[in-house]
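**Q** One structure, as structure tokens, below. Some questions next.
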Amino acid sequence: MYDAKSLKAEEFISDEEIKETLAYADANRENIKLIDSIIEKAREKKGLSHREASVLLACEDEEKIRQIYELAEQIKKDYYGNRIVLFAPLYLSNYCVNGCVYCPYHMKNKHIARKKLTQEDIVREVTALQDMGHKRLAIEAGEDPVNNPIEYILESIKTIYSIKHKNGAIRRVNVNIAATTVENYRKLKDAGIGTYILFQETYHKESYEKLHPTGPKHDYAYHTEAMDRAMEGGIDDVGLGVLFGLEMYRYEFAGLLMHAEHLEAVHGVGPHTISVPRVKHADDIDPAAFDNGISDDIFAKICALIRISVPYTGMIISTRESQTVRERVLPLGVSQISGASRTSVGGYAEPETPDEVTSAQFDVSDNRTLDEVVNWLMKLGYIPSFCTACYREGRTGDRFMTLCKNMQILNCCHPNALMTLKEYLEDYAGEETRKIGMALIDRELENIPNPKVKQKAYECIHDIEGGQRDFRF
Ligand code: SF4
Ligand code: SF4
């Protein structure tokens, strides 16, 4: 029986409810009156239920799809402005005891290079990341209680936060590790992590079990209920995601929104972010082997619908996607992207050579440097942001919503973006990027509505030029 408030995976992600939702969406895909009323509801920026959003996903009317895109762009502008937050993944270890059939780190893969960073390696990796200009990392590790126990993850987080190279600093460490216990989530919280990210991969239980034939990840309920345990352990910010291409995308989309509704219903806070990865080529993984792949058009539609369905949830696009696809979906609601990512273990300090046995999790489609990504974003009219202010000011959980409701985005996120961009330009940017960035900061400072905040932001920007760092609102 479907119950958003239940703590049992099979009740809050009820297969029956998803199937009924899809049937309802099919029955109403041409019901223009209903579709109009759903779009109207989304316009009020209160979000949509999984049923409503599923009707829009099923709708193929070109005019309505155009309206959905337009609305997604509007909501993105109203809530996120033209800022895009940047981060990088850091692979700690690719040892893994699971058997996920879509990931080259699966235990049976004998030809991938297995690597695990020592604390000294981490210092080298993080120094390389700081030298690029990164301030926000997402650490990744396979599930392996012997090679990657929680103590290793905690020690690594401590090492990462302790490294101060020139003007560099990692100010927020997000964590993407396997589902674990409340006790371990509490330890991660105490270690000062930002968001805990765990992709569901697929919400379809039967497929889930087939795609995860061996290892602890095989347990659908334990995996699906992980976010509840994370929140019980005190982590307010959790990041959801499905791997599009594993199950029917309409099923996944409904499941994803049901998961968000569940977190809201039980914990009073929805997910902090949603990621939308698609299956990509990797060592022994061929995406063509999964027959549920989605086209770029459907991918864009999903991004737009996530934006209008959960307006307060950030959306993340990684370098799995090409520059072209990223350019297409940025205006539709993406708020965070990774840049200059290496998906191999130790790949920042020592990039792998083409004839080396790889340790990478997937092939990166966007291979540009961080400077090129920053430059590109600015030329497209975005403000690249390295902001980590909320986390560091203790504004977790629903604070983004609070910022939005109090109309403080332009007085808070906006100056923070400009100040962190200024740091980047001073410390790391190439000449052309710096020139474009300086002009952008001058223009955008004028858009800060509160005169006191504007004055303070001007002063901070000036002080950054004089060598000071780390200002925030
Ligand atoms: S997806 Fe994660 S758990 Fe599965 S094999 Fe890859 S690293 Fe291991
Ligand atoms: S101020 Fe908070 S919500 Fe705004 S960009 Fe920075 S971290 Fe995000």
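FYI, nothing fancy with the structure tokens labels: chains A, B, ... in order, residues from 1 per chain, ligands from 1 as they appear.
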Write out as a list in words each polymer residue whose atoms come within 9 Å of His204 in chain A, counting only C-alpha atoms; drop sequence neighbours fewer than 2 positions from it.
**A** Ile13, Asp15, Thr202, Glu206, Ser207, Tyr208, Glu209, Glu247, Met248, Tyr251, Glu252 and Gly255 of chain A
**Q** Take the residues from that selection and write them out as an mmCIF file, in the first residue's frame, keeping C-alpha atoms.
**A**
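This went into selection.cif:
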data_model
loop_
_atom_site.group_PDB
_atom_site.id
_atom_site.type_symbol
_atom_site.label_atom_id
_atom_site.label_comp_id
_atom_site.auth_asym_id
_atom_site.auth_seq_id
_atom_site.Cartn_x
_atom_site.Cartn_y
_atom_site.Cartn_z
ATOM 1 C CA ILE A 13 8.101 3.852 -3.398
ATOM 2 C CA ASP A 15 5.334 -0.193 -7.379
ATOM 3 C CA THR A 202 16.660 2.460 -10.281
ATOM 4 C CA GLU A 206 12.928 -6.263 -9.712
ATOM 5 C CA SER A 207 15.372 -4.526 -12.057
ATOM 6 C CA TYR A 208 17.299 -3.232 -9.080
ATOM 7 C CA GLU A 209 17.883 -6.761 -7.847
ATOM 8 C CA GLU A 247 14.799 1.213 -16.211
ATOM 9 C CA MET A 248 11.978 2.942 -18.011
ATOM 10 C CA TYR A 251 9.011 4.864 -13.938
ATOM 11 C CA GLU A 252 12.235 6.366 -12.565
ATOM 12 C CA GLY A 255 9.925 7.128 -8.241
#
**Q** Could you list, as a list in words, all protein and nucleic acid residues with an atom at most 7 Å from ligand 1, counting only C-alpha atoms and all ligand atoms?
**A**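 Sorted by chain and then by number, the residues are Asn94, Cys96, Val97, Asn98, Gly99, Cys100, Cys103, Pro104, Tyr105, His106, Met107, Ala141, Gly142, Glu143, Ala178 and Lys217 of chain A.
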**Q** Could those residues be written to a file, using C-alpha atoms, as an mmCIF file, in the first residue's frame?
**A**
data_model
loop_
_atom_site.group_PDB
_atom_site.id
_atom_site.type_symbol
_atom_site.label_atom_id
_atom_site.label_comp_id
_atom_site.auth_asym_id
_atom_site.auth_seq_id
_atom_site.Cartn_x
_atom_site.Cartn_y
_atom_site.Cartn_z
ATOM 1 C CA ASN A 94 37.688 1.951 -6.503
ATOM 2 C CA CYS A 96 34.238 -2.513 -4.292
ATOM 3 C CA VAL A 97 32.531 -5.698 -3.154
ATOM 4 C CA ASN A 98 29.334 -5.092 -5.112
ATOM 5 C CA GLY A 99 28.343 -6.523 -8.450
ATOM 6 C CA CYS A 100 26.574 -3.569 -10.130
ATOM 7 C CA CYS A 103 29.748 0.039 -13.209
ATOM 8 C CA PRO A 104 33.312 -1.062 -14.038
ATOM 9 C CA TYR A 105 34.222 -1.092 -10.327
ATOM 10 C CA HIS A 106 32.095 -4.228 -9.882
ATOM 11 C CA MET A 107 33.976 -6.913 -8.002
ATOM 12 C CA ALA A 141 34.484 5.463 -2.948
ATOM 13 C CA GLY A 142 33.364 1.943 -3.721
ATOM 14 C CA GLU A 143 31.797 -0.178 -0.976
ATOM 15 C CA ALA A 178 27.405 3.305 -0.069
ATOM 16 C CA LYS A 217 23.903 -3.281 -2.434
#
**Q** Let me see if you get this right: every residue at most 8 Å from ligand 2, counting only C-alpha atoms and all ligand atoms, written as an mmCIF file with C-alpha atoms, in the first residue's frame.
**A**
data_model
loop_
_atom_site.group_PDB
_atom_site.id
_atom_site.type_symbol
_atom_site.label_atom_id
_atom_site.label_comp_id
_atom_site.auth_asym_id
_atom_site.auth_seq_id
_atom_site.Cartn_x
_atom_site.Cartn_y
_atom_site.Cartn_z
ATOM 1 C CA ARG A 83 24.593 31.534 -10.917
ATOM 2 C CA VAL A 85 27.921 26.459 -8.587
ATOM 3 C CA SER A 385 30.099 30.437 -8.225
ATOM 4 C CA CYS A 387 30.016 29.583 -2.844
ATOM 5 C CA THR A 388 29.843 27.305 0.204
ATOM 6 C CA ALA A 389 28.398 29.938 2.557
ATOM 7 C CA CYS A 390 25.235 28.233 3.795
ATOM 8 C CA TYR A 391 27.002 25.114 4.914
ATOM 9 C CA ARG A 395 22.249 27.171 7.184
ATOM 10 C CA ARG A 399 17.646 27.128 4.392
ATOM 11 C CA PHE A 400 17.585 27.601 0.639
ATOM 12 C CA LEU A 403 16.438 32.352 1.573
ATOM 13 C CA ILE A 409 18.806 35.339 -3.019
ATOM 14 C CA CYS A 412 23.020 36.548 -0.334
ATOM 15 C CA CYS A 413 23.756 33.962 -3.041
ATOM 16 C CA HIS A 414 24.466 36.648 -5.615
ATOM 17 C CA ASN A 416 28.627 35.301 -2.448
ATOM 18 C CA ALA A 417 28.923 34.117 -6.040
ATOM 19 C CA PHE A 473 27.074 36.601 3.613
#
**Q** Contacts of range 361-377 of chain A at 7 Å or less, counting only C-alpha atoms, minus same-chain residues fewer than 2 places along, as a PyMOL selection string?
**A** chain A and resi 103-105+132+280-282+319-323+339-340+343-344+359+379-384+429-430+433
**Q** Which polymer residues have any atom within 9 Å of an atom of Phe253 in chain A, counting only C-alpha atoms, with same-chain residues fewer than 5 positions away left out, as a list in words?
**A**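 Residues meeting the cut-off are His50, Ala53, Ser54, Leu57, Val242, Met248, Met258, Ile302 and Ile306 of chain A.
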**Q** Write the residues of the preceding selection, restricted to C-alpha atoms, as a JSON list (two decimals), in the first residue's frame.
**A**
[["chain", "number", "residue", "atom", "x", "y", "z"],
["A", 50, "HIS", "CA", 4.57, 12.83, -8.92],
["A", 53, "ALA", "CA", 4.53, 15.81, -13.17],
["A", 54, "SER", "CA", 4.09, 12.39, -14.79],
["A", 57, "LEU", "CA", 6.16, 13.96, -18.94],
["A", 242, "VAL", "CA", 18.75, 7.84, -10.65],
["A", 248, "MET", "CA", 11.98, 2.94, -18.01],
["A", 258, "MET", "CA", 7.93, 10.04, -4.71],
["A", 302, "ILE", "CA", 13.15, 15.53, -17.53],
["A", 306, "ILE", "CA", 12.35, 18.36, -12.18]]
**Q** For Leu421 in chain A, which of A:Glu446, A:Asp470, A:Glu63, A:Glu73 is the closest residue, counting only C-alpha atoms?
**A**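 Checking each of A:Glu446, A:Asp470, A:Glu63, A:Glu73 against Leu421 in chain A, counting only C-alpha atoms, the winner is A:Asp470.
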**Q** I want to know what sits within 10 Å of Asp398 in chain A, based on only C-alpha atoms, with residues of the same chain fewer than 6 positions away left out; could you give that as a PyMOL selection string?
**A** chain A and resi 236-237+268-272+312-313
**Q** Output as a list in words all residues of range 64-181 of chain A that backbone DSSP marks as strand (DSSP E or B).
**A**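 Strand (DSSP E or B) members of range 64-181 of chain A, listed: Arg83, Ile84, Val85, Leu86, Phe87, Ala88, Pro89, Leu90, Tyr91, Leu92, Ser93, Lys116, Arg136, Leu137, Ala138, Ile139, Glu140, Ala141, Arg172, Val173, Asn174, Val175 and Asn176 of chain A.
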**Q** Just how far from CA of Ile68 in chain A is CA of Leu305 in chain A, in Å to one decimal?
**A**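 Distance reported for this atom pair: 7.3 Å.
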**Q** Work out how far CA of Ser338 in chain A is from CA of Ile316 in chain A, in Å to one decimal.
**A**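 Atom-to-atom, CA of Ile316 in chain A to CA of Ser338 in chain A, that is 8.0 Å.
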**Q** Might you pull out every residue within 12 Å of Ala230 in chain A, with only C-alpha atoms counted and same-chain residues fewer than 3 positions away left off, and present them as a compact mmCIF listing (two decimals) with N, CA and C atoms, in the first residue's frame?
**A**
# COMPACT_ATOMS: atom_id res chain seq x y z
N VAL A 175 29.68 13.89 0.21
CA VAL A 175 30.13 12.50 0.29
C VAL A 175 29.19 11.57 -0.47
N ILE A 177 29.06 7.81 -0.74
CA ILE A 177 29.50 6.45 -0.42
C ILE A 177 28.27 5.57 -0.22
N ALA A 178 28.51 4.27 -0.14
CA ALA A 178 27.41 3.31 -0.07
C ALA A 178 26.49 3.54 1.13
N ALA A 179 25.27 3.05 1.00
CA ALA A 179 24.30 3.11 2.09
C ALA A 179 24.93 2.51 3.35
N THR A 180 24.71 3.19 4.48
CA THR A 180 25.33 2.68 5.70
C THR A 180 24.40 2.85 6.90
N THR A 181 24.95 2.71 8.10
CA THR A 181 24.11 2.71 9.31
C THR A 181 23.91 4.13 9.83
N VAL A 182 22.92 4.29 10.71
CA VAL A 182 22.66 5.60 11.33
C VAL A 182 23.92 6.05 12.06
N GLU A 183 24.55 5.12 12.74
CA GLU A 183 25.76 5.44 13.50
C GLU A 183 26.86 6.02 12.59
N ASN A 184 27.05 5.40 11.43
CA ASN A 184 28.07 5.90 10.51
C ASN A 184 27.67 7.25 9.90
N TYR A 185 26.37 7.43 9.66
CA TYR A 185 25.93 8.74 9.14
C TYR A 185 26.20 9.82 10.18
N ARG A 186 26.01 9.44 11.45
CA ARG A 186 26.27 10.42 12.52
C ARG A 186 27.76 10.80 12.51
N LYS A 187 28.61 9.81 12.27
CA LYS A 187 30.05 10.08 12.23
C LYS A 187 30.39 11.01 11.05
N LEU A 188 29.71 10.79 9.93
CA LEU A 188 29.95 11.66 8.76
C LEU A 188 29.50 13.08 9.07
N LYS A 189 28.36 13.18 9.72
CA LYS A 189 27.84 14.50 10.11
C LYS A 189 28.87 15.20 11.02
N ILE A 193 30.56 16.93 6.98
CA ILE A 193 30.29 16.81 5.54
C ILE A 193 29.19 17.80 5.12
N THR A 195 26.70 17.65 1.71
CA THR A 195 25.57 16.80 1.32
C THR A 195 26.00 15.33 1.31
N TYR A 196 25.10 14.46 1.75
CA TYR A 196 25.32 13.02 1.55
C TYR A 196 24.56 12.64 0.28
N ILE A 197 25.29 12.13 -0.68
CA ILE A 197 24.69 11.79 -1.98
C ILE A 197 24.66 10.28 -2.15
N LEU A 198 23.53 9.78 -2.54
CA LEU A 198 23.44 8.35 -2.87
C LEU A 198 22.44 8.18 -4.00
N TYR A 222 17.32 -1.72 2.03
CA TYR A 222 18.39 -1.08 2.79
C TYR A 222 18.93 0.13 2.03
N HIS A 223 19.04 -0.03 0.71
CA HIS A 223 19.55 1.07 -0.13
C HIS A 223 18.53 2.21 -0.21
N THR A 224 17.28 1.85 -0.44
CA THR A 224 16.24 2.87 -0.65
C THR A 224 15.93 3.64 0.63
N GLU A 225 16.11 2.99 1.77
CA GLU A 225 15.82 3.66 3.05
C GLU A 225 17.03 4.40 3.62
N ALA A 226 18.13 4.44 2.84
CA ALA A 226 19.38 5.03 3.35
C ALA A 226 19.20 6.50 3.74
N MET A 227 18.44 7.26 2.93
CA MET A 227 18.32 8.69 3.23
C MET A 227 17.60 8.93 4.55
N GLY A 233 20.56 10.25 11.38
CA GLY A 233 21.91 10.49 11.88
C GLY A 233 22.29 11.96 11.91
N GLY A 234 21.37 12.83 11.53
CA GLY A 234 21.62 14.27 11.66
C GLY A 234 22.03 14.97 10.37
N ILE A 235 22.09 14.24 9.26
CA ILE A 235 22.47 14.89 7.99
C ILE A 235 21.22 15.51 7.36
N ASP A 236 21.21 16.84 7.26
CA ASP A 236 20.02 17.52 6.72
C ASP A 236 20.00 17.54 5.20
N ASP A 237 21.20 17.56 4.61
CA ASP A 237 21.27 17.72 3.17
C ASP A 237 21.57 16.39 2.50
N VAL A 238 20.59 15.88 1.77
CA VAL A 238 20.83 14.63 1.05
C VAL A 238 20.57 14.85 -0.44
N GLY A 239 21.32 14.12 -1.24
CA GLY A 239 21.20 14.27 -2.69
C GLY A 239 20.72 12.98 -3.34
N LEU A 263 10.63 12.22 1.74
CA LEU A 263 11.55 12.92 2.65
C LEU A 263 10.88 14.15 3.25
N HIS A 267 10.50 14.00 7.12
CA HIS A 267 11.54 14.79 7.80
C HIS A 267 11.30 16.31 7.67
N PRO A 271 14.88 16.72 -0.71
CA PRO A 271 16.29 16.54 -1.02
C PRO A 271 16.97 17.87 -1.32
**Q** For Pro213 in chain A, which residue out of A:Leu330, A:Ala88, A:Cys460, A:Val101 is the nearest one, using only C-alpha atoms?
**A**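 Between A:Leu330, A:Ala88, A:Cys460, A:Val101, the residue approaching Pro213 in chain A most closely is A:Val101.
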**Q** Can you work out the spacing between CA of Ser37 in chain A and CA of Tyr69 in chain A in Å, to one decimal?
**A**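 Separation of CA of Ser37 in chain A and CA of Tyr69 in chain A: 15.9 Å.
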**Q** So, with only C-alpha atoms as the atoms that count, which of A:Tyr2, A:Tyr152, A:Phe12, A:Phe87 lies closest to Ser341 in chain A?
**A** A:Phe87
**Q** Show which residues sit within 7 Å of Pro89 in chain A, as a list in words. Count only C-alpha atoms, and ignore same-chain residues fewer than 3 positions away.
**A** Leu137, Ala138, Ile139, Glu140 and Ser341 of chain A
**Q** Just asking: which residues within range 32-260 of chain A are alpha helix (DSSP H) according to DSSP, as a ChimeraX atom specification?
**A** /A:32-43,50-58,62-80,119-132,150-162,182-190,205-211,220-224,226-232,249-260
**Q** Point out the residue among A:Ile150, A:Asn28, A:Gly346, A:Ala72 with the least atom-to-atom distance to Lys115 in chain A, counting only C-alpha atoms.
**A**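 Looking at the shortest contact to Lys115 in chain A, the residue is A:Gly346.
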